[in-house]
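First up is the structure itself, then whatever we jot down about it.
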Amino acid sequence: MITIGFSSHHAETLPSARQLMEQHQLIVLEDAPSPRFSGMLEGRVSVDEYMMEIDSGFPRFERLMCAMLRELCDNGRQIVQVEPYLETLLRIHDLLADGKAPEAVANDPALGRVYHAEKLATAALLDYYARSLKSPFDQVVAAVEVFAKADADRLRLRALLRSQAIASLVSNGIDTYVEAGYIHYLLYIYLRRNLAATARIRVAFLLAPVVRKLGGVRRNMGPGDILTLHYVLHGTVPKATADLLAARSLVYIKLVQKDELLPGASEAPHSEDMVKVNRIVDGLTMEQCRKLFDQVRLAKREKALEIVEHL
């Protein structure tokens with residue numbers, strides 16, 4: 001059995017992740033291999049030392065994850081990091097930092113695909129950031145769509161490389177848990193192609209029960225990620241749909257909580273926040289997005305929420 005657990009890097013996902021991981025012998029994490037990872041699992045390297053090396057964007061989640069993985073390792077689970085795209089990207093960064101010419105990296109058969117995909121996506125993202133500050137609404141919407149397409153190309157390559165690596169790793173008879181972000185659904189499709197027809201693959205959306213209880217959709221993704229996922233899976237998106245999702249994403253990113261939250265009064269604070277924000281933006285028309293964007297563009301989250309509540 002191969003289980004792909006789709007989730008986010010929020011602490012509220014860990015209880016569900018652990019429950020599934022305990023049912024498998026092999027756990028495949030969505031990380032580039034770190035030289036200190038095995039030492040951290042075995043207690044030879046402190047979590048603090050390991051955290052300094054990986055420079056995580058989700059430190060609270062990562063610390064709790066490390067503690068959980070140590071316990072799973074002690075209980076006999078084999079845990080590996082498999083993410084060839086990110087591994088290649090780190091190698092590219094090191095080569096460029098050491099003075100290797102970008103042209104040489106771009107023409108290297110082992111590096112070129114990742115280099116080009118990352119270069120295009122990064123350029124599109126930087127253009128969006130620049131336009132989001134001062135450009136007219138329609139130009140910012142167009143920039144969102146350009147980035148979503150470039151990001152989708154990058155995600156397709158990432159899913160392809162990871163599926164190939166996982167397929168070569170999985171052995172018959174070993175139950176395997178594969179960690180994946182919601183936006184990497186293509187990994188499931190590629191794994192079905194790369195593994196034998198007899199392989200059993202199931203998909204689990206870790207927070208689906210919680211999200212349904214809150215009145216949301218199981219993936220609980222914002223409009224920008226939905227747009228990107230459409231491009232990943234289908235290649236094209238009808239213009240009206242793409243425009244509306246991109247426009248709603250401009251409001252969404254101003255409203256959604258960006259600080260890491262830990263479960264407390266709410267068992268799933270990020271899910272709760274995202275369901276609430278999605279409920280707001282899912283009802284916005286193009287013209288409402290246009291009006292709101294001009295008002296919230298430079299506003300802090302609290303002010304943006306206040307503005308939207310008085311729409």
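Starting from 1 in every chain, residues are counted up; chains themselves are A, B, ... following the order of the structure tokens, and ligands are numbered from 1 as listed.
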Give me, as CSV, the closest atom pair and its distance (Å, one decimal) for every residue of segment 88-185 of chain A within a cut-off of 7 Å of segment 23-40 of chain A, counting only C-alpha atoms, rows sorted by chain and rising number.
residue,atom,partner,partner_atom,distance
A:Ile174,CA,A:Gln25,CA,6.3
A:Asp175,CA,A:His24,CA,4.8
A:Thr176,CA,A:Leu26,CA,4.7
A:Tyr177,CA,A:Ile27,CA,4.8
A:Val178,CA,A:Val28,CA,4.8
A:Glu179,CA,A:Leu29,CA,5.1
A:Ala180,CA,A:Glu30,CA,6.0
Save the residues we just selected, N, CA and C atoms, as a CSV table (one decimal), in the first residue's frame?
chain,number,residue,atom,x,y,z
A,174,ILE,N,6.3,-3.4,0.9
A,174,ILE,CA,6.6,-2.4,1.9
A,174,ILE,C,5.5,-1.3,1.9
A,175,ASP,N,4.7,-1.1,2.9
A,175,ASP,CA,3.7,0.0,3.0
A,175,ASP,C,4.5,1.3,3.1
A,176,THR,N,4.1,2.2,2.2
A,176,THR,CA,4.9,3.5,2.1
A,176,THR,C,4.0,4.7,2.2
A,177,TYR,N,4.4,5.6,3.1
A,177,TYR,CA,3.6,6.9,3.2
A,177,TYR,C,4.4,8.0,2.5
A,178,VAL,N,3.8,8.7,1.7
A,178,VAL,CA,4.4,9.8,0.9
A,178,VAL,C,3.8,11.2,1.3
A,179,GLU,N,4.7,12.0,1.8
A,179,GLU,CA,4.2,13.4,2.2
A,179,GLU,C,4.2,14.3,1.0
A,180,ALA,N,3.1,15.1,0.8
A,180,ALA,CA,3.0,16.0,-0.3
A,180,ALA,C,2.1,17.1,0.0
Problem set entry | Residues flagged alpha helix (DSSP H) by DSSP in segment 128-215 of chain A, as a ChimeraX atom specification | /A:128-134,137-169,186-194,208-214
At a cut-off of 12 Å, can you tabulate as a Markdown table every residue of segment 242-311 of chain A near segment 3-8 of chain A together with its closest atom pair and the distance in Å to one decimal, using only C-alpha atoms and ordering rows by chain then number?
| residue | atom | partner | partner_atom | distance |
| --- | --- | --- | --- | --- |
| A:Glu260 | CA | A:Ser8 | CA | 11.7 |
| A:Ala268 | CA | A:Ser8 | CA | 11.6 |
| A:His270 | CA | A:Ser8 | CA | 9.7 |
| A:Ser271 | CA | A:Ser8 | CA | 9.8 |
| A:Met274 | CA | A:Ser8 | CA | 11.9 |
Exercise. Hey, what's within 9 Å of Asn220 of chain A if we count only C-alpha atoms and toss same-chain stuff fewer than 6 positions away? As a list in words, please?
Worked result: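 The filter keeps Tyr182, Leu207, Ala208, Val211, Ser271, Met274, Val275 and Asn278 of chain A.
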Write a file of the selected residues as a compact mmCIF listing (two decimals), in the first residue's frame, keeping N, CA and C atoms.
# COMPACT_ATOMS: atom_id res chain seq x y z
N TYR A 182 -0.70 20.05 -0.91
CA TYR A 182 -1.96 19.97 -1.67
C TYR A 182 -1.77 20.25 -3.15
N LEU A 207 -6.53 16.99 6.42
CA LEU A 207 -7.42 17.85 7.19
C LEU A 207 -8.85 17.89 6.64
N ALA A 208 -9.15 16.99 5.71
CA ALA A 208 -10.48 17.00 5.10
C ALA A 208 -11.61 16.93 6.14
N VAL A 211 -11.85 20.36 7.84
CA VAL A 211 -12.30 21.40 6.90
C VAL A 211 -13.78 21.25 6.60
N SER A 271 -6.65 26.26 9.21
CA SER A 271 -7.80 25.80 8.42
C SER A 271 -9.00 26.68 8.66
N MET A 274 -8.45 29.99 6.86
CA MET A 274 -8.54 29.87 5.40
C MET A 274 -9.97 29.63 4.94
N VAL A 275 -10.73 28.82 5.68
CA VAL A 275 -12.14 28.63 5.34
C VAL A 275 -12.88 29.95 5.41
N ASN A 278 -11.72 32.14 2.44
CA ASN A 278 -12.26 31.60 1.18
C ASN A 278 -13.76 31.88 1.06
For this session: Report as an MDAnalysis selection string: the residues of segment 71-304 of chain A with a DSSP assignment of strand (DSSP E), based on the backbone of this structure.
Result: chainID A and resid 78:81 176:181 201:205
For this session: Using only C-alpha atoms, determine which residues lie at most 8 Å from Phe147 of chain A, disregarding the query and same-chain residues fewer than 6 positions distant; provide the list as JSON, numbers by chain.
Result: {"A": [121, 124, 125, 128]}
Could you write out that same residue set with C-alpha atoms as a compact mmCIF listing (two decimals), in the first residue's frame?
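part-v3.txt written:
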# COMPACT_ATOMS: atom_id res chain seq x y z
CA ALA A 121 9.05 31.08 -12.36
CA ALA A 124 7.43 35.89 -13.18
CA LEU A 125 7.14 36.10 -9.41
CA TYR A 128 4.23 40.20 -10.04
Using only C-alpha atoms, what does the table of segment 35-98 of chain A residues within 10 Å of segment 157-162 of chain A look like, with each row giving the shortest atom pair and its distance in Å to one decimal, sorted by chain and ascending number, as JSON lines?
{"residue": "A:Val82", "atom": "CA", "partner": "A:Arg162", "partner_atom": "CA", "distance": 6.9}
{"residue": "A:Glu83", "atom": "CA", "partner": "A:Arg162", "partner_atom": "CA", "distance": 5.7}
{"residue": "A:Pro84", "atom": "CA", "partner": "A:Arg162", "partner_atom": "CA", "distance": 5.9}
{"residue": "A:Tyr85", "atom": "CA", "partner": "A:Arg158", "partner_atom": "CA", "distance": 5.3}
{"residue": "A:Leu86", "atom": "CA", "partner": "A:Arg158", "partner_atom": "CA", "distance": 8.1}
Please dump the current selection as a compact mmCIF listing (two decimals), in the first residue's frame; keep C-alpha atoms.
# COMPACT_ATOMS: atom_id res chain seq x y z
CA VAL A 82 13.04 12.51 -1.47
CA GLU A 83 12.66 15.72 -3.49
CA PRO A 84 14.96 15.67 -6.57
CA TYR A 85 13.87 19.07 -7.89
CA LEU A 86 14.78 20.86 -4.67
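Look at segment 108-118 of chain A: the protein and nucleic acid residues within 8 Å of it, using only C-alpha atoms and passing over chain neighbours fewer than 3 places away, are Tyr85, Thr88, Leu89, Ile92, Ala104, Val105, Ala121, Thr122, Ala150, Asp153, Arg154 and Leu157 of chain A.
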Output for the residues just chosen: C-alpha atoms as a PDB file, in the first residue's frame:
ATOM      1  CA  TYR A  85      13.868  19.069  -7.892  1.00  0.00           C
ATOM      2  CA  THR A  88      19.009  19.888  -7.835  1.00  0.00           C
ATOM      3  CA  LEU A  89      18.071  23.478  -7.093  1.00  0.00           C
ATOM      4  CA  ILE A  92      22.568  24.900  -8.692  1.00  0.00           C
ATOM      5  CA  ALA A 104      27.198  26.362 -18.084  1.00  0.00           C
ATOM      6  CA  VAL A 105      24.511  25.444 -15.553  1.00  0.00           C
ATOM      7  CA  ALA A 121       9.045  31.081 -12.356  1.00  0.00           C
ATOM      8  CA  THR A 122      11.271  33.375 -10.302  1.00  0.00           C
ATOM      9  CA  ALA A 150       5.303  29.423 -14.928  1.00  0.00           C
ATOM     10  CA  ASP A 153       5.489  24.277 -15.395  1.00  0.00           C
ATOM     11  CA  ARG A 154       7.873  24.097 -12.439  1.00  0.00           C
ATOM     12  CA  LEU A 157       8.676  18.949 -13.543  1.00  0.00           C
TER      13      LEU A 157
END
Exercise. What is the atom CA of Ile2 of chain A to atom CA of Leu191 of chain A distance in Å?
Worked result: 9.7 Å
Problem set entry | Minimum-distance residue to Glu145 of chain A, chosen among A:Gly43, A:Gly264, A:Gly283, A:Pro223 (using only C-alpha atoms) | A:Pro223
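The smallest atom-to-atom distance between Thr198 of chain A and any of A:Gly235, A:Gly173, A:Met51, A:Arg77, using only C-alpha atoms, is found for A:Gly173.
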Problem set entry | Residues near Ala199 of chain A, cut-off 9 Å, only C-alpha atoms, skip fewer than 4 positions along chain, as a ChimeraX atom specification | /A:1-2,172,192,195
Selection to disk with N, CA and C atoms, as a compact mmCIF listing (two decimals), in the first residue's frame:
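Output file part35.txt is given in full below:
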# COMPACT_ATOMS: atom_id res chain seq x y z
N MET A 1 0.84 -1.20 0.00
CA MET A 1 0.00 0.00 0.00
C MET A 1 0.87 1.24 0.00
N ILE A 2 0.57 2.17 -0.89
CA ILE A 2 1.23 3.47 -0.91
C ILE A 2 0.16 4.51 -0.61
N ASN A 172 8.11 -3.92 -3.37
CA ASN A 172 6.86 -4.67 -3.17
C ASN A 172 6.78 -5.17 -1.74
N ARG A 192 0.93 6.66 -10.39
CA ARG A 192 0.10 5.60 -10.96
C ARG A 192 0.67 5.13 -12.29
N LEU A 195 4.32 3.19 -11.43
CA LEU A 195 4.33 1.97 -10.64
C LEU A 195 3.54 0.87 -11.34
For this session: Fewer than 3 positions away in the same chain doesn't count, so skip those; otherwise give me all residues within 12 Å of Gln139 of chain A, counting only C-alpha atoms, as a PyMOL selection string.
Result: chain A and resi 127-136+142-146+243+246-247+250+290
Dump as a PDB file, in the first residue's frame, selection limited to C-alpha atoms:
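Resulting contents of result32.pdb:
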ATOM      1  CA  ASP A 127       7.444  40.841 -11.964  1.00  0.00           C
ATOM      2  CA  TYR A 128       4.229  40.196 -10.038  1.00  0.00           C
ATOM      3  CA  TYR A 129       5.734  41.634  -6.845  1.00  0.00           C
ATOM      4  CA  ALA A 130       6.819  44.778  -8.675  1.00  0.00           C
ATOM      5  CA  ARG A 131       3.459  45.262 -10.381  1.00  0.00           C
ATOM      6  CA  SER A 132       1.458  44.572  -7.235  1.00  0.00           C
ATOM      7  CA  LEU A 133       2.780  47.760  -5.640  1.00  0.00           C
ATOM      8  CA  LYS A 134       1.834  50.340  -8.261  1.00  0.00           C
ATOM      9  CA  SER A 135       0.470  48.878 -11.507  1.00  0.00           C
ATOM     10  CA  PRO A 136      -3.215  49.039 -12.512  1.00  0.00           C
ATOM     11  CA  ALA A 142      -2.271  39.420 -15.766  1.00  0.00           C
ATOM     12  CA  ALA A 143       0.973  39.117 -13.792  1.00  0.00           C
ATOM     13  CA  VAL A 144      -0.687  36.633 -11.408  1.00  0.00           C
ATOM     14  CA  GLU A 145      -1.687  34.475 -14.373  1.00  0.00           C
ATOM     15  CA  VAL A 146       1.785  34.609 -15.931  1.00  0.00           C
ATOM     16  CA  ASP A 243      -9.118  36.294 -14.522  1.00  0.00           C
ATOM     17  CA  ALA A 246      -6.356  35.721 -10.155  1.00  0.00           C
ATOM     18  CA  ALA A 247      -8.407  38.738  -9.064  1.00  0.00           C
ATOM     19  CA  LEU A 250      -5.161  39.499  -4.834  1.00  0.00           C
ATOM     20  CA  ARG A 290     -11.070  45.631  -8.574  1.00  0.00           C
TER      21      ARG A 290
END
Problem set entry | From A:Tyr185, A:Tyr50, A:Phe205, A:Tyr190, residue lying nearest His230 of chain A [only C-alpha atoms] |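 Closest to His230 of chain A, using only C-alpha atoms: A:Tyr185.
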Problem set entry | From A:Asp259, A:Phe137, A:Lys291, A:Gly216, residue lying nearest Val277 of chain A [only C-alpha atoms] |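 Closest candidate: A:Gly216.
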Exercise. What is the distance between atom CA of Asp273 of chain A and atom CA of Ala304 of chain A, in Å to one decimal?
Worked result: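 A separation of 14.3 Å between them.
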Exercise. How many Å separate atom CA of Val210 of chain A from atom CA of Gly222 of chain A?
Worked result: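 Interatomic distance here is 16.6 Å.
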